[in-house]
$ cat protein09.cif   # mmCIF, C-alpha atoms
data_start
loop_
_atom_site.label_atom_id
_atom_site.label_comp_id
_atom_site.auth_asym_id
_atom_site.auth_seq_id
_atom_site.Cartn_x
_atom_site.Cartn_y
_atom_site.Cartn_z
CA MET A 1288 0.00 0.00 0.00
CA ALA A 1289 1.24 3.50 -0.82
CA THR A 1290 2.57 5.48 2.11
CA LYS A 1291 1.25 8.86 3.16
CA THR A 1292 4.49 10.44 1.94
CA GLN A 1293 4.13 8.79 -1.47
CA ILE A 1294 0.55 10.01 -1.81
CA GLU A 1295 1.52 13.56 -0.88
CA THR A 1296 4.30 13.46 -3.48
CA LEU A 1297 1.91 12.18 -6.15
CA LYS A 1298 -0.36 15.18 -5.51
CA LYS A 1299 2.27 17.43 -7.12
CA TYR A 1300 1.48 15.89 -10.50
CA THR A 1301 -1.46 15.62 -12.90
CA ALA A 1302 -3.25 12.56 -14.22
CA CYS A 1303 -1.51 13.18 -17.54
CA ASP A 1304 1.87 12.95 -15.81
CA ILE A 1305 0.80 9.71 -14.14
CA ALA A 1306 -0.30 8.25 -17.47
CA ASP A 1307 3.05 9.16 -19.05
CA ALA A 1308 4.85 7.20 -16.34
CA LEU A 1309 2.48 4.23 -16.58
CA LEU A 1310 2.91 4.18 -20.37
CA LYS A 1311 6.67 3.88 -19.85
CA LEU A 1312 5.97 0.96 -17.52
CA LYS A 1313 3.73 -0.69 -20.17
CA VAL A 1314 0.61 -0.65 -18.01
CA PRO A 1315 -2.47 -1.33 -20.20
CA ASN A 1316 -4.17 1.92 -21.26
CA ALA A 1317 -1.54 3.76 -19.20
CA GLY A 1318 -3.88 3.24 -16.25
CA PHE A 1319 -6.52 5.54 -17.77
CA LEU A 1320 -10.20 5.01 -16.97
CA PRO A 1321 -11.77 6.33 -20.18
CA ASP A 1322 -15.00 8.16 -20.98
CA LEU A 1323 -15.66 9.37 -17.44
CA LYS A 1324 -17.10 12.75 -16.50
CA LEU A 1325 -16.90 14.42 -13.11
CA HIS A 1326 -20.62 14.65 -12.33
CA ALA A 1327 -20.26 16.05 -8.83
CA PRO A 1328 -19.31 18.41 -7.41
CA PRO A 1329 -18.19 21.21 -9.75
CA PRO A 1330 -14.37 21.34 -9.75
CA SER A 1331 -14.53 24.92 -8.42
CA SER A 1332 -16.13 23.66 -5.20
CA LEU A 1333 -13.54 20.97 -4.48
CA LYS A 1334 -10.96 21.77 -1.83
CA GLU A 1335 -8.32 20.16 -4.04
CA ASN A 1336 -8.37 19.10 -7.69
CA ILE A 1337 -6.37 15.98 -6.88
CA THR A 1338 -7.79 13.19 -4.71
CA ILE A 1339 -5.70 10.06 -4.21
CA ALA A 1340 -6.68 6.94 -2.26
CA PRO A 1341 -6.59 3.14 -2.51
CA ALA A 1342 -9.33 1.52 -4.53
CA SER A 1343 -12.14 -0.54 -3.09
CA THR A 1344 -14.34 -2.22 -5.68
CA VAL A 1345 -17.95 -3.20 -6.29
CA ILE A 1346 -19.20 -5.14 -9.30
CA PHE A 1347 -22.88 -5.22 -10.25
CA ALA A 1348 -24.68 -7.98 -12.15
CA GLN A 1349 -27.77 -8.16 -14.29
CA LYS A 1350 -30.85 -8.36 -12.08
CA ASN A 1351 -32.12 -11.33 -14.12
CA GLY A 1352 -28.88 -13.26 -13.59
CA GLU A 1353 -27.74 -13.18 -17.20
CA GLY A 1354 -23.96 -13.23 -17.57
CA VAL A 1355 -23.31 -13.90 -13.90
CA SER A 1356 -21.19 -16.95 -14.74
CA LEU A 1357 -18.68 -14.58 -16.35
CA LEU A 1358 -18.25 -12.59 -13.13
CA PRO A 1359 -16.24 -13.37 -9.99
CA PRO A 1360 -18.22 -15.36 -7.40
CA GLY A 1361 -20.78 -13.29 -5.55
CA ASN A 1362 -19.70 -12.40 -2.02
CA VAL A 1363 -22.11 -9.78 -0.64
CA PRO A 1364 -23.08 -11.26 2.73
CA SER A 1365 -26.70 -12.28 3.15
CA GLY A 1366 -28.63 -9.74 5.20
CA LYS A 1367 -26.10 -6.97 4.49
CA HIS A 1368 -26.35 -4.00 2.16
CA TYR A 1369 -23.22 -3.61 0.09
CA VAL A 1370 -22.90 0.11 0.79
CA ASP A 1371 -22.74 -0.51 4.55
CA LEU A 1372 -19.52 -2.44 3.87
CA THR A 1373 -17.77 0.56 2.27
CA GLU A 1374 -14.10 0.62 3.26
CA ALA A 1375 -13.01 3.84 4.94
CA GLY A 1376 -10.30 5.90 3.28
CA THR A 1377 -10.85 4.44 -0.19
CA ILE A 1378 -12.11 5.63 -3.53
CA VAL A 1379 -14.96 3.27 -4.42
CA VAL A 1380 -14.72 1.96 -7.99
CA MET A 1381 -18.01 0.51 -9.25
CA SER A 1382 -18.71 -1.47 -12.42
CA GLN A 1383 -22.10 -1.89 -14.12
CA PRO A 1384 -23.14 -4.30 -16.89
CA GLU A 1385 -22.85 -2.64 -20.27
CA GLY A 1386 -25.94 -1.27 -21.98
CA GLN A 1387 -28.04 -0.69 -18.87
CA LYS A 1388 -30.15 2.44 -18.54
CA CYS A 1389 -30.45 2.46 -14.73
CA ALA A 1390 -28.09 4.12 -12.28
CA ILE A 1391 -26.00 2.08 -9.81
CA LEU A 1392 -25.24 5.07 -7.58
CA GLY A 1393 -27.69 7.63 -6.24
CA GLY A 1394 -27.91 10.15 -3.46
CA ILE A 1395 -28.56 7.75 -0.57
CA MET A 1396 -25.71 5.41 -1.51
CA ALA A 1397 -23.28 8.31 -1.97
CA LEU A 1398 -24.31 9.81 1.37
CA ARG A 1399 -23.68 6.51 3.15
CA MET A 1400 -20.27 6.23 1.50
CA LYS A 1401 -19.47 9.75 2.66
CA VAL A 1402 -20.50 8.92 6.24
CA LEU A 1403 -18.25 5.85 6.13
CA ASN A 1404 -15.32 8.07 5.03
CA ALA A 1405 -15.00 7.13 1.38
CA GLN A 1406 -12.79 9.62 -0.43
CA GLY A 1407 -14.55 9.52 -3.79
CA VAL A 1408 -16.49 7.31 -6.20
CA VAL A 1409 -15.74 6.20 -9.76
CA VAL A 1410 -18.65 4.58 -11.60
CA ASN A 1411 -18.09 2.64 -14.79
CA GLY A 1412 -21.76 3.16 -15.58
CA ARG A 1413 -24.56 5.55 -14.63
CA VAL A 1414 -25.43 7.72 -11.61
CA ARG A 1415 -28.51 9.72 -10.61
CA ASP A 1416 -29.58 12.38 -8.05
CA VAL A 1417 -26.83 14.69 -9.25
CA VAL A 1418 -27.64 17.50 -6.81
CA GLU A 1419 -27.52 15.06 -3.90
CA LEU A 1420 -24.26 13.62 -5.15
CA ALA A 1421 -22.77 17.11 -5.21
CA SER A 1422 -23.91 17.74 -1.64
CA THR A 1423 -21.59 14.99 -0.39
CA GLY A 1424 -18.55 16.99 -1.50
CA LEU A 1425 -16.98 13.80 -2.84
CA PRO A 1426 -15.51 13.69 -6.34
CA ILE A 1427 -17.94 11.41 -8.18
CA TRP A 1428 -17.13 10.24 -11.69
CA ALA A 1429 -19.39 8.32 -14.06
CA LYS A 1430 -19.90 7.65 -17.73
CA ALA A 1431 -23.46 8.97 -17.80
CA THR A 1432 -26.57 9.75 -15.75
CA SER A 1433 -30.01 8.22 -15.37
CA ILE A 1434 -33.25 8.89 -13.55
CA VAL A 1435 -33.92 5.16 -13.02
CA GLY A 1436 -33.04 3.35 -9.78
CA THR A 1437 -30.66 0.39 -9.61
CA GLY A 1438 -33.39 -2.18 -8.93
CA ALA A 1439 -34.78 -1.84 -12.43
CA GLU A 1440 -31.90 -3.76 -14.01
CA ALA A 1441 -28.95 -4.33 -11.70
CA LYS A 1442 -27.95 -5.76 -8.34
CA PRO A 1443 -24.71 -5.66 -6.31
CA HIS A 1444 -22.80 -8.89 -6.87
CA ALA A 1445 -19.30 -8.83 -5.38
CA LEU A 1446 -17.00 -6.62 -3.33
CA GLN A 1447 -13.21 -6.24 -3.37
CA VAL A 1448 -12.67 -8.12 -6.63
CA PRO A 1449 -10.62 -7.11 -9.69
CA LEU A 1450 -12.45 -4.99 -12.25
CA ASP A 1451 -11.76 -4.68 -15.96
CA VAL A 1452 -12.69 -1.16 -17.02
CA ASN A 1453 -12.33 -1.09 -20.79
CA GLY A 1454 -9.03 -2.95 -20.54
CA THR A 1455 -7.70 -1.11 -17.49
CA ILE A 1456 -7.49 -3.49 -14.54
CA VAL A 1457 -8.42 -2.14 -11.11
CA ASN A 1458 -7.49 -4.29 -8.14
CA PRO A 1459 -8.51 -3.49 -4.58
CA GLY A 1460 -5.65 -1.52 -3.06
CA ASP A 1461 -4.46 -0.02 -6.34
CA ILE A 1462 -4.05 3.75 -6.16
CA VAL A 1463 -6.82 5.79 -7.76
CA PHE A 1464 -5.63 9.20 -8.94
CA SER A 1465 -8.64 11.49 -9.38
CA ASP A 1466 -7.75 14.70 -11.18
CA ALA A 1467 -10.82 16.92 -11.46
CA ILE A 1468 -9.39 18.75 -14.47
CA ASN A 1469 -7.89 15.90 -16.49
CA GLY A 1470 -9.46 12.57 -15.52
CA VAL A 1471 -8.79 9.40 -13.57
CA ALA A 1472 -5.80 7.07 -13.61
CA VAL A 1473 -5.15 3.90 -11.62
CA ILE A 1474 -1.64 3.05 -10.44
CA PRO A 1475 -1.06 -0.65 -9.74
CA GLN A 1476 -0.05 -0.80 -6.11
CA ASP A 1477 3.22 -2.62 -6.86
CA LEU A 1478 4.30 0.15 -9.27
CA VAL A 1479 3.86 3.23 -7.08
CA SER A 1480 7.58 3.48 -6.28
CA ARG A 1481 8.53 3.06 -9.94
CA VAL A 1482 6.06 5.76 -10.97
CA LEU A 1483 7.51 8.15 -8.40
CA GLU A 1484 11.02 7.44 -9.69
CA LEU A 1485 10.02 8.26 -13.27
CA LEU A 1486 7.86 11.34 -12.74
CA PRO A 1487 10.51 14.03 -12.03
CA SER A 1488 12.55 13.31 -15.15
CA LEU A 1489 9.49 12.95 -17.40
CA VAL A 1490 8.00 16.25 -16.25
CA ALA A 1491 11.35 18.04 -16.45
CA ALA A 1492 11.86 16.80 -20.02
CA ASP A 1493 8.44 18.08 -21.05
CA ASP A 1494 9.13 21.44 -19.42
CA ARG A 1495 12.36 21.77 -21.42
CA VAL A 1496 10.53 20.83 -24.62
CA LYS A 1497 7.94 23.53 -24.02
CA GLU A 1498 10.62 26.13 -23.29
CA ASP A 1499 12.43 25.40 -26.54
CA VAL A 1500 9.25 25.23 -28.63
CA GLU A 1501 8.22 28.61 -27.24
CA LYS A 1502 11.59 29.97 -28.43
CA GLY A 1503 10.91 28.74 -31.94
CA MET A 1504 12.45 25.25 -32.02
CA THR A 1505 10.55 22.57 -33.92
CA VAL A 1506 8.78 19.91 -31.90
CA GLN A 1507 10.75 17.23 -33.72
CA GLU A 1508 14.05 18.78 -32.70
CA ALA A 1509 12.95 19.44 -29.13
CA PHE A 1510 11.76 15.86 -28.73
CA LYS A 1511 15.07 14.58 -30.08
CA ILE A 1512 17.05 16.68 -27.62
CA HIS A 1513 14.99 16.23 -24.50
CA ARG A 1514 13.04 13.00 -25.00
CA GLY A 1515 15.54 11.10 -27.09
CA GLN A 1516 12.97 10.60 -29.85
#

$ encode --input "protein09.cif" --output "structure tokens"
Amino acid sequence: MATKTQIETLKKYTACDIADALLKLKVPNAGFLPDLKLHAPPPSSLKENITIAPASTVIFAQKNGEGVSLLPPGNVPSGKHYVDLTEAGTIVVMSQPEGQKCAILGGIMALRMKVLNAQGVVVNGRVRDVVELASTGLPIWAKATSIVGTGAEAKPHALQVPLDVNGTIVNPGDIVFSDAINGVAVIPQDLVSRVLELLPSLVAADDRVKEDVEKGMTVQEAFKIHRGQ
């Protein structure tokens, strides 16, 4: 797990910087979680643009049971609501079956996550109750919105299991880097130190490229000098 010092150091960078490092390390999709929009709250109301925390995960299944054999075994305890099992200090990453029109996160669920000290929510699917989501103050990302409740099509299936988000793998404990301006990246937990080693030189090289391009140098020449391309 990333240390507090490592997380504070990561906050000096952007999601684009993180993706550059992960691309060097050959992480699929450079750790990017694509096609997400920050639905709540407005970036101007966040205390910080960057929120970083370990991932906890929730995968939803079709309500009618279709496709469940392709998912990890269900593990939501009988008699428990999945949201009451939210892990404190994490960014909750949720995955919904493709093509559904319902939301898998609404105002009540987001409020409970806030009370249990979640640091943010990333939904590979739909959300609703946007005003209520914003009132939590948590950064909440999703692909789209809905006005339809979860029970119409989906049900919580498993917690703390690996997720495949359009080819980007999210394991519980991986570091979610939420950048309200640029997007979301996921750093595999065993690569945090390597990412931190790469970031200073990558950012410095880009800064030198920009300085020379501003002075009139061609991009091709600047890349050759500073990036070795």

$ resolve_selection --input "protein09.cif" --expression "the PyMOL selection byres ((chain A and resi 1470) around 12)" --output "PyMOL selection string"
chain A and resi 1301-1306+1318-1326+1330+1336-1338+1409+1426-1430+1463-1469+1471-1473

$ residues_around --input "protein09.cif" --residues "Gln1447 of chain A" --least-positions-apart "5" --cutoff "12 Å" --atoms "all atoms listed in the file" --output "count of residues only"
27

$ resolve_selection --input "protein09.cif" --expression "the PyMOL selection byres ((chain A and resi 1477) around 10)" --output "list in words"
Met1288, Ala1289, Gly1460, Asp1461, Ile1462, Ile1474, Pro1475, Gln1476, Leu1478, Val1479, Ser1480, Arg1481 and Val1482 of chain A

$ closest_residue --input "protein09.cif" --among "A:Leu1358, A:Leu1483, A:Ala1390, A:Ala1397" --to "Leu1425 of chain A" --atoms "only C-alpha atoms"
A:Ala1397

$ atom_distance --input "protein09.cif" --atom1 "atom CA of Gly1438 of chain A" --atom2 "atom CA of His1368 of chain A"
13.3 Å

$ atom_distance --input "protein09.cif" --atom1 "atom CA of Ser1488 of chain A" --atom2 "atom CA of Gly1503 of chain A"
22.9 Å

$ atom_distance --input "protein09.cif" --atom1 "atom CA of Asp1499 of chain A" --atom2 "atom CA of Lys1313 of chain A"
28.2 Å

$ resolve_selection --input "protein09.cif" --expression "the PyMOL selection byres ((chain A and resi 1419) around 9)" --output "mmCIF file with C-alpha atoms, in the frame of the given file"
data_model
loop_
_atom_site.group_PDB
_atom_site.id
_atom_site.type_symbol
_atom_site.label_atom_id
_atom_site.label_comp_id
_atom_site.auth_asym_id
_atom_site.auth_seq_id
_atom_site.Cartn_x
_atom_site.Cartn_y
_atom_site.Cartn_z
ATOM 1 C CA ALA A 1327 -20.260 16.050 -8.830
ATOM 2 C CA GLY A 1393 -27.690 7.630 -6.240
ATOM 3 C CA GLY A 1394 -27.910 10.150 -3.460
ATOM 4 C CA ILE A 1395 -28.560 7.750 -0.570
ATOM 5 C CA ALA A 1397 -23.280 8.310 -1.970
ATOM 6 C CA LEU A 1398 -24.310 9.810 1.370
ATOM 7 C CA ARG A 1415 -28.510 9.720 -10.610
ATOM 8 C CA ASP A 1416 -29.580 12.380 -8.050
ATOM 9 C CA VAL A 1417 -26.830 14.690 -9.250
ATOM 10 C CA VAL A 1418 -27.640 17.500 -6.810
ATOM 11 C CA LEU A 1420 -24.260 13.620 -5.150
ATOM 12 C CA ALA A 1421 -22.770 17.110 -5.210
ATOM 13 C CA SER A 1422 -23.910 17.740 -1.640
ATOM 14 C CA THR A 1423 -21.590 14.990 -0.390
#

$ residues_near_point --input "protein09.cif" --point "(-30.6, 1.7, -15.9)" --cutoff "7 Å" --atoms "only C-alpha atoms" --output "MDAnalysis selection string"
chainID A and resid 1387:1390 1433 1435:1437 1439:1440

$ axis_aligned_box --input "protein09.cif" --around "segment 1370-1384 of chain A" --padding-each-side "4 Å" --output "JSON"
{"center_x": -16.7, "center_y": 0.8, "center_z": -6.0, "size_x": 20.8, "size_y": 18.2, "size_z": 29.8}

$ residues_around --input "protein09.cif" --residues "Ala1431 of chain A" --least-positions-apart "6" --cutoff "7 Å" --atoms "all atoms listed in the file" --output "PyMOL selection string"
chain A and resi 1412-1414

$ residues_near_point --input "protein09.cif" --point "(-26.2, -0.3, -6.9)" --cutoff "7 Å" --atoms "only C-alpha atoms" --output "PDB file with C-alpha atoms, in the frame of the given file"
ATOM      1  CA  PHE A1347     -22.880  -5.220 -10.250  1.00  0.00           C
ATOM      2  CA  ILE A1391     -26.000   2.080  -9.810  1.00  0.00           C
ATOM      3  CA  LEU A1392     -25.240   5.070  -7.580  1.00  0.00           C
ATOM      4  CA  THR A1437     -30.660   0.390  -9.610  1.00  0.00           C
ATOM      5  CA  ALA A1441     -28.950  -4.330 -11.700  1.00  0.00           C
ATOM      6  CA  LYS A1442     -27.950  -5.760  -8.340  1.00  0.00           C
ATOM      7  CA  PRO A1443     -24.710  -5.660  -6.310  1.00  0.00           C
TER       8      PRO A1443
END

$ closest_residue --input "protein09.cif" --among "A:Met1504, A:Leu1333, A:Ala1317, A:Val1496" --to "Asn1453 of chain A" --atoms "all atoms listed in the file"
A:Ala1317

$ closest_residue --input "protein09.cif" --among "A:Gly1454, A:Pro1384, A:Pro1449, A:Pro1487" --to "Gly1352 of chain A" --atoms "all atoms listed in the file"
A:Pro1384
